[in-house]
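Q: For reference, this is coords32.pdb, and it has PDB, C-alpha atoms.
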ATOM      1  CA  ALA A   2      76.030 -60.211  67.882
ATOM      2  CA  GLN A   3      76.043 -60.359  64.115
ATOM      3  CA  LYS A   4      73.079 -60.857  61.839
ATOM      4  CA  ILE A   5      72.772 -61.318  58.097
ATOM      5  CA  THR A   6      69.455 -60.943  56.317
ATOM      6  CA  GLN A   7      68.774 -62.195  52.810
ATOM      7  CA  THR A   8      65.177 -61.395  51.970
ATOM      8  CA  GLN A   9      64.961 -63.156  48.599
ATOM      9  CA  PRO A  10      64.443 -66.912  49.021
ATOM     10  CA  GLY A  11      64.435 -67.368  45.254
ATOM     11  CA  MET A  12      65.326 -65.308  42.213
ATOM     12  CA  PHE A  13      65.005 -65.879  38.490
ATOM     13  CA  VAL A  14      67.085 -64.218  35.795
ATOM     14  CA  GLN A  15      67.294 -64.593  32.058
ATOM     15  CA  GLU A  16      70.599 -65.830  30.674
ATOM     16  CA  LYS A  17      72.977 -62.953  29.814
ATOM     17  CA  GLU A  18      71.132 -60.474  32.020
ATOM     18  CA  ALA A  19      72.399 -58.989  35.274
ATOM     19  CA  VAL A  20      70.902 -59.853  38.654
ATOM     20  CA  THR A  21      71.245 -58.351  42.129
ATOM     21  CA  LEU A  22      71.043 -60.504  45.250
ATOM     22  CA  ASP A  23      70.260 -58.537  48.393
ATOM     23  CA  CYS A  24      72.066 -58.737  51.709
ATOM     24  CA  THR A  25      71.758 -56.538  54.776
ATOM     25  CA  TYR A  26      73.743 -56.964  57.934
ATOM     26  CA  ASP A  27      73.958 -55.842  61.516
ATOM     27  CA  THR A  28      76.983 -55.898  63.774
ATOM     28  CA  SER A  29      78.562 -54.085  66.683
ATOM     29  CA  ASP A  30      82.084 -54.800  65.429
ATOM     30  CA  PRO A  31      83.883 -51.638  64.274
ATOM     31  CA  SER A  32      85.612 -53.608  61.541
ATOM     32  CA  TYR A  33      84.322 -56.606  59.660
ATOM     33  CA  GLY A  34      84.444 -58.455  56.390
ATOM     34  CA  LEU A  35      81.549 -59.334  54.141
ATOM     35  CA  PHE A  36      81.652 -62.395  51.907
ATOM     36  CA  TRP A  37      79.552 -64.045  49.268
ATOM     37  CA  TYR A  38      79.627 -67.777  48.654
ATOM     38  CA  LYS A  39      78.053 -69.896  45.932
ATOM     39  CA  GLN A  40      76.703 -73.335  46.769
ATOM     40  CA  PRO A  41      75.826 -75.433  43.717
ATOM     41  CA  SER A  42      73.639 -78.509  43.993
ATOM     42  CA  SER A  43      76.733 -80.615  44.637
ATOM     43  CA  GLY A  44      76.978 -78.921  48.036
ATOM     44  CA  GLU A  45      80.420 -77.358  48.217
ATOM     45  CA  MET A  46      80.848 -73.751  49.360
ATOM     46  CA  ILE A  47      82.676 -71.636  46.787
ATOM     47  CA  PHE A  48      84.095 -68.251  47.791
ATOM     48  CA  LEU A  49      83.107 -65.522  45.322
ATOM     49  CA  ILE A  50      83.944 -62.072  46.611
ATOM     50  CA  TYR A  51      84.984 -60.130  49.698
ATOM     51  CA  GLN A  52      84.428 -56.572  50.945
ATOM     52  CA  GLY A  53      86.145 -55.064  53.970
ATOM     53  CA  SER A  54      84.285 -52.556  56.085
ATOM     54  CA  TYR A  55      87.003 -49.954  55.537
ATOM     55  CA  ASP A  56      87.244 -50.423  51.788
ATOM     56  CA  GLN A  57      86.321 -47.254  49.952
ATOM     57  CA  GLN A  58      85.658 -48.955  46.652
ATOM     58  CA  ASN A  59      83.216 -51.700  45.831
ATOM     59  CA  ALA A  60      84.846 -55.091  45.316
ATOM     60  CA  THR A  61      84.804 -56.708  41.887
ATOM     61  CA  GLU A  62      85.828 -60.193  40.765
ATOM     62  CA  GLY A  63      85.172 -60.906  37.126
ATOM     63  CA  ARG A  64      81.401 -60.979  36.622
ATOM     64  CA  TYR A  65      80.773 -60.491  40.336
ATOM     65  CA  SER A  66      80.645 -57.125  42.030
ATOM     66  CA  LEU A  67      79.586 -56.137  45.500
ATOM     67  CA  ASN A  68      77.450 -53.042  45.944
ATOM     68  CA  PHE A  69      78.545 -51.973  49.428
ATOM     69  CA  GLN A  70      76.539 -49.244  51.147
ATOM     70  CA  LYS A  71      77.923 -48.986  54.647
ATOM     71  CA  ALA A  72      75.455 -46.413  55.951
ATOM     72  CA  ARG A  73      72.567 -48.631  54.890
ATOM     73  CA  LYS A  74      74.377 -51.777  56.080
ATOM     74  CA  SER A  75      73.880 -53.502  52.784
ATOM     75  CA  ALA A  76      76.225 -55.632  50.676
ATOM     76  CA  ASN A  77      74.373 -56.713  47.581
ATOM     77  CA  LEU A  78      75.928 -59.096  45.069
ATOM     78  CA  VAL A  79      75.622 -58.191  41.404
ATOM     79  CA  ILE A  80      76.180 -60.888  38.817
ATOM     80  CA  SER A  81      76.555 -59.538  35.314
ATOM     81  CA  ALA A  82      75.896 -61.504  32.124
ATOM     82  CA  SER A  83      74.307 -64.454  33.930
ATOM     83  CA  GLN A  84      75.172 -67.938  32.742
ATOM     84  CA  LEU A  85      73.299 -71.206  33.184
ATOM     85  CA  GLY A  86      76.097 -72.371  35.476
ATOM     86  CA  ASP A  87      75.289 -69.545  37.869
ATOM     87  CA  SER A  88      72.171 -71.395  39.005
ATOM     88  CA  ALA A  89      72.893 -72.178  42.649
ATOM     89  CA  MET A  90      72.276 -71.085  46.214
ATOM     90  CA  TYR A  91      74.093 -67.890  47.196
ATOM     91  CA  PHE A  92      75.000 -67.052  50.765
ATOM     92  CA  CYS A  93      76.017 -63.718  52.200
ATOM     93  CA  ALA A  94      78.227 -63.957  55.288
ATOM     94  CA  MET A  95      80.195 -61.740  57.583
ATOM     95  CA  SER A  96      82.954 -62.092  60.118
ATOM     96  CA  GLY A  97      84.486 -59.678  62.562
ATOM     97  CA  TYR A  98      87.567 -59.521  64.709
ATOM     98  CA  THR A  99      85.833 -59.933  68.044
ATOM     99  CA  ASN A 100      84.180 -63.308  67.562
ATOM    100  CA  ALA A 101      87.194 -65.512  66.831
ATOM    101  CA  GLY A 102      86.716 -64.925  63.118
ATOM    102  CA  LYS A 103      83.645 -67.099  62.793
ATOM    103  CA  SER A 104      81.289 -66.384  59.936
ATOM    104  CA  THR A 105      77.606 -65.666  60.308
ATOM    105  CA  PHE A 106      75.522 -66.646  57.314
ATOM    106  CA  GLY A 107      72.238 -65.489  55.883
ATOM    107  CA  ASP A 108      69.485 -67.890  54.894
ATOM    108  CA  GLY A 109      70.606 -67.852  51.274
ATOM    109  CA  THR A 110      69.019 -67.034  47.922
ATOM    110  CA  THR A 111      68.375 -69.665  45.287
ATOM    111  CA  LEU A 112      69.180 -68.243  41.873
ATOM    112  CA  THR A 113      67.797 -69.871  38.755
ATOM    113  CA  VAL A 114      69.109 -68.755  35.377
ATOM    114  CA  LYS A 115      66.655 -69.332  32.546
ATOM    115  CA  PRO A 116      67.868 -70.045  29.001
TER     116      PRO A 116
ATOM    117  CA  GLU B  17      95.946 -73.132  44.680
ATOM    118  CA  PRO B  18      95.876 -74.495  48.239
ATOM    119  CA  GLU B  19      92.554 -75.818  49.419
ATOM    120  CA  VAL B  20      90.834 -77.258  52.451
ATOM    121  CA  THR B  21      90.124 -80.972  52.071
ATOM    122  CA  GLN B  22      87.634 -83.121  53.938
ATOM    123  CA  THR B  23      87.124 -86.852  54.243
ATOM    124  CA  PRO B  24      84.926 -88.732  53.796
ATOM    125  CA  SER B  25      82.678 -86.938  51.337
ATOM    126  CA  HIS B  26      79.704 -88.942  52.561
ATOM    127  CA  GLN B  27      79.284 -90.914  55.783
ATOM    128  CA  VAL B  28      76.324 -93.077  56.681
ATOM    129  CA  THR B  29      76.018 -94.244  60.271
ATOM    130  CA  GLN B  30      73.537 -95.783  62.658
ATOM    131  CA  MET B  31      72.024 -93.711  65.440
ATOM    132  CA  GLY B  32      74.129 -93.943  68.591
ATOM    133  CA  GLN B  33      77.384 -94.627  66.753
ATOM    134  CA  GLU B  34      80.459 -92.439  66.955
ATOM    135  CA  VAL B  35      81.704 -90.662  63.853
ATOM    136  CA  ILE B  36      84.885 -88.752  63.151
ATOM    137  CA  LEU B  37      84.940 -86.223  60.352
ATOM    138  CA  ARG B  38      88.358 -85.261  59.083
ATOM    139  CA  CYS B  39      89.702 -82.062  57.614
ATOM    140  CA  VAL B  40      93.072 -80.893  56.379
ATOM    141  CA  PRO B  41      93.151 -77.076  56.549
ATOM    142  CA  ILE B  42      95.366 -74.937  54.339
ATOM    143  CA  SER B  43      98.900 -75.338  55.633
ATOM    144  CA  ASN B  44      99.719 -71.780  56.763
ATOM    145  CA  HIS B  45      96.327 -71.142  58.314
ATOM    146  CA  LEU B  46      96.043 -70.786  62.072
ATOM    147  CA  TYR B  47      92.290 -70.610  62.731
ATOM    148  CA  PHE B  48      90.004 -73.550  62.125
ATOM    149  CA  TYR B  49      86.253 -73.931  62.160
ATOM    150  CA  TRP B  50      83.441 -76.407  61.824
ATOM    151  CA  TYR B  51      80.044 -75.444  60.478
ATOM    152  CA  ARG B  52      76.876 -77.450  59.930
ATOM    153  CA  GLN B  53      74.191 -77.130  57.301
ATOM    154  CA  ILE B  54      71.025 -79.138  57.684
ATOM    155  CA  LEU B  55      69.530 -79.843  54.259
ATOM    156  CA  GLY B  56      67.830 -76.751  52.857
ATOM    157  CA  GLN B  57      68.798 -74.568  55.792
ATOM    158  CA  LYS B  58      71.410 -71.951  56.569
ATOM    159  CA  VAL B  59      74.998 -72.644  57.498
ATOM    160  CA  GLU B  60      75.455 -72.674  61.290
ATOM    161  CA  PHE B  61      78.650 -72.135  63.225
ATOM    162  CA  LEU B  62      79.688 -74.974  65.522
ATOM    163  CA  VAL B  63      83.168 -74.250  66.849
ATOM    164  CA  SER B  64      86.367 -72.320  66.284
ATOM    165  CA  PHE B  65      89.823 -73.586  67.201
ATOM    166  CA  TYR B  66      93.120 -71.781  67.616
ATOM    167  CA  ASN B  67      96.413 -72.641  69.251
ATOM    168  CA  ASN B  68      95.178 -76.120  70.101
ATOM    169  CA  GLU B  69      92.144 -75.035  71.986
ATOM    170  CA  ILE B  70      88.542 -74.082  71.373
ATOM    171  CA  SER B  71      88.187 -70.307  71.122
ATOM    172  CA  GLU B  72      84.435 -70.187  70.679
ATOM    173  CA  LYS B  73      81.564 -72.648  70.394
ATOM    174  CA  SER B  74      77.865 -72.393  69.702
ATOM    175  CA  GLU B  75      75.004 -73.817  71.718
ATOM    176  CA  ILE B  76      74.801 -76.632  69.159
ATOM    177  CA  PHE B  77      78.284 -77.809  70.168
ATOM    178  CA  ASP B  78      77.298 -79.769  73.253
ATOM    179  CA  ASP B  79      79.107 -82.546  75.106
ATOM    180  CA  GLN B  80      78.472 -84.962  72.228
ATOM    181  CA  PHE B  81      80.883 -82.986  70.056
ATOM    182  CA  SER B  82      84.644 -82.621  70.329
ATOM    183  CA  VAL B  83      87.410 -81.307  68.121
ATOM    184  CA  GLU B  84      91.049 -82.167  67.912
ATOM    185  CA  ARG B  85      94.144 -81.342  65.943
ATOM    186  CA  PRO B  86      96.015 -84.568  66.540
ATOM    187  CA  ASP B  87      99.079 -84.174  64.347
ATOM    188  CA  GLY B  88      99.526 -80.589  63.192
ATOM    189  CA  SER B  89      97.788 -81.101  59.872
ATOM    190  CA  ASN B  90      94.474 -82.864  60.474
ATOM    191  CA  PHE B  91      91.556 -81.215  62.236
ATOM    192  CA  THR B  92      88.799 -83.568  63.342
ATOM    193  CA  LEU B  93      85.235 -83.293  64.545
ATOM    194  CA  LYS B  94      83.953 -86.203  66.627
ATOM    195  CA  ILE B  95      80.322 -86.860  67.399
ATOM    196  CA  ARG B  96      80.205 -89.404  70.212
ATOM    197  CA  SER B  97      76.675 -90.748  69.912
ATOM    198  CA  THR B  98      74.953 -89.624  66.758
ATOM    199  CA  LYS B  99      71.304 -88.635  66.670
ATOM    200  CA  LEU B 100      68.958 -88.472  63.697
ATOM    201  CA  GLU B 101      69.065 -84.680  63.881
ATOM    202  CA  ASP B 102      72.845 -84.714  63.369
ATOM    203  CA  SER B 103      72.212 -85.553  59.712
ATOM    204  CA  ALA B 104      73.660 -82.584  57.850
ATOM    205  CA  MET B 105      76.507 -81.343  55.721
ATOM    206  CA  TYR B 106      79.526 -80.526  57.869
ATOM    207  CA  PHE B 107      81.972 -77.962  56.574
ATOM    208  CA  CYS B 108      85.478 -77.385  57.793
ATOM    209  CA  ALA B 109      87.013 -73.957  57.218
ATOM    210  CA  SER B 110      90.304 -72.235  57.890
ATOM    211  CA  ARG B 111      91.820 -68.780  57.705
ATOM    212  CA  THR B 112      95.248 -67.268  58.113
ATOM    213  CA  GLY B 113      94.393 -64.834  60.885
ATOM    214  CA  LEU B 114      91.679 -62.572  62.227
ATOM    215  CA  ALA B 115      92.306 -59.537  60.038
ATOM    216  CA  ILE B 116      89.163 -58.599  58.180
ATOM    217  CA  THR B 117      91.050 -59.166  54.950
ATOM    218  CA  ASP B 118      91.643 -62.818  55.843
ATOM    219  CA  THR B 119      89.164 -64.853  53.863
ATOM    220  CA  GLN B 120      87.730 -67.987  55.390
ATOM    221  CA  TYR B 121      88.105 -70.901  52.980
ATOM    222  CA  PHE B 122      85.732 -73.826  53.161
ATOM    223  CA  GLY B 123      86.277 -77.469  52.418
ATOM    224  CA  PRO B 124      83.898 -79.384  50.149
ATOM    225  CA  GLY B 125      81.958 -80.755  53.099
ATOM    226  CA  THR B 126      81.091 -84.160  54.514
ATOM    227  CA  ARG B 127      77.491 -85.230  54.168
ATOM    228  CA  LEU B 128      76.552 -87.140  57.315
ATOM    229  CA  THR B 129      73.469 -89.345  57.208
ATOM    230  CA  VAL B 130      72.289 -90.853  60.489
ATOM    231  CA  LEU B 131      69.839 -93.749  60.140
TER     232      LEU B 131
END
Please re-express this file's structure in structure tokens.
A:
Amino acid sequence: AQKITQTQPGMFVQEKEAVTLDCTYDTSDPSYGLFWYKQPSSGEMIFLIYQGSYDQQNATEGRYSLNFQKARKSANLVISASQLGDSAMYFCAMSGYTNAGKSTFGDGTTLTVKP
Amino acid sequence: EPEVTQTPSHQVTQMGQEVILRCVPISNHLYFYWYRQILGQKVEFLVSFYNNEISEKSEIFDDQFSVERPDGSNFTLKIRSTKLEDSAMYFCASRTGLAITDTQYFGPGTRLTVL
């Protein structure tokens, strides 16, 4: 079974500052992928960044980076230079080979960027 | 860039009525999924579909639910007799394969309201 834990229901950050959203996971799959999605108030699910369990380097996509610590089973999302448009719900998710590729999601973190 | 599309964006129905939610996955993707998100809650897996059959389903996916790929492009979720608790956002997703590098892409969702 897979489990994702996001312990921060809500986070606040000042515009232009960096923020870290926490995610820990548990799985028995030997290989897996970790994903972050952004869900604005309009409801759609927007893919942000991916990290494979065998990747040696942390993933980066523009202002998003993933702080992957495999031994600690954590995959924290770092957003640099926060913008007002970053205010949204953020979900951490994982999928493995052995469960037909389905994704397991955390409860999400609501990020509010203050001007 | 190719994307998953879903129709309708919002569906309102009376309790006990049948609804069909439609999705067009990305054209070269082989694995298809439905997820549900009750307002303010986490995203929950419903069902995965590959090679014209269900590969995995959750305990939520009971006999009231069915999926179909009727014509090689559409992927539908049918709820036979809707209940109030079926009110949620329903997301369709697809991915190329089961490699951990294969990202799962989500559609914009259909918001189902059962009255």
Q: How many Å separate CA of Pro41 (chain A) from CA of Phe69 (chain A)?
A: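 Taking CA of Pro41 (chain A) and CA of Phe69 (chain A), their separation equals 24.3 Å.
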Q: Residues of chain B within 6 Å of chain A, using all atoms listed in the file, as a list in words?
A: Lys58, Leu114, Ile116 and Pro124 of chain B
Q: Next, write the just-selected residues to a file, as a PDB file, in the frame of the given file, keeping C-alpha atoms as the atom set.
A:
ATOM      1  CA  LYS B  58      71.410 -71.951  56.569  1.00  0.00           C
ATOM      2  CA  LEU B 114      91.679 -62.572  62.227  1.00  0.00           C
ATOM      3  CA  ILE B 116      89.163 -58.599  58.180  1.00  0.00           C
ATOM      4  CA  PRO B 124      83.898 -79.384  50.149  1.00  0.00           C
TER       5      PRO B 124
END
Q: Which of these, B:Lys99, B:Tyr47, B:Ser25, B:Met105, has the shortest distance to Thr119 (chain B) once you count all atoms listed in the file?
A: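 Among B:Lys99, B:Tyr47, B:Ser25, B:Met105, it is B:Tyr47 that comes nearest to Thr119 (chain B).
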Q: Between CA of Leu78 (chain A) and CA of Leu22 (chain A), what distance in Å does the model show, to one decimal?
A: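 Answer for the CA of Leu78 (chain A) to CA of Leu22 (chain A) separation: 5.1 Å.
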Q: What is the CA of Gly56 (chain B)-CA of Leu100 (chain B) distance in Å, reported with one decimal?
A: 16.0 Å
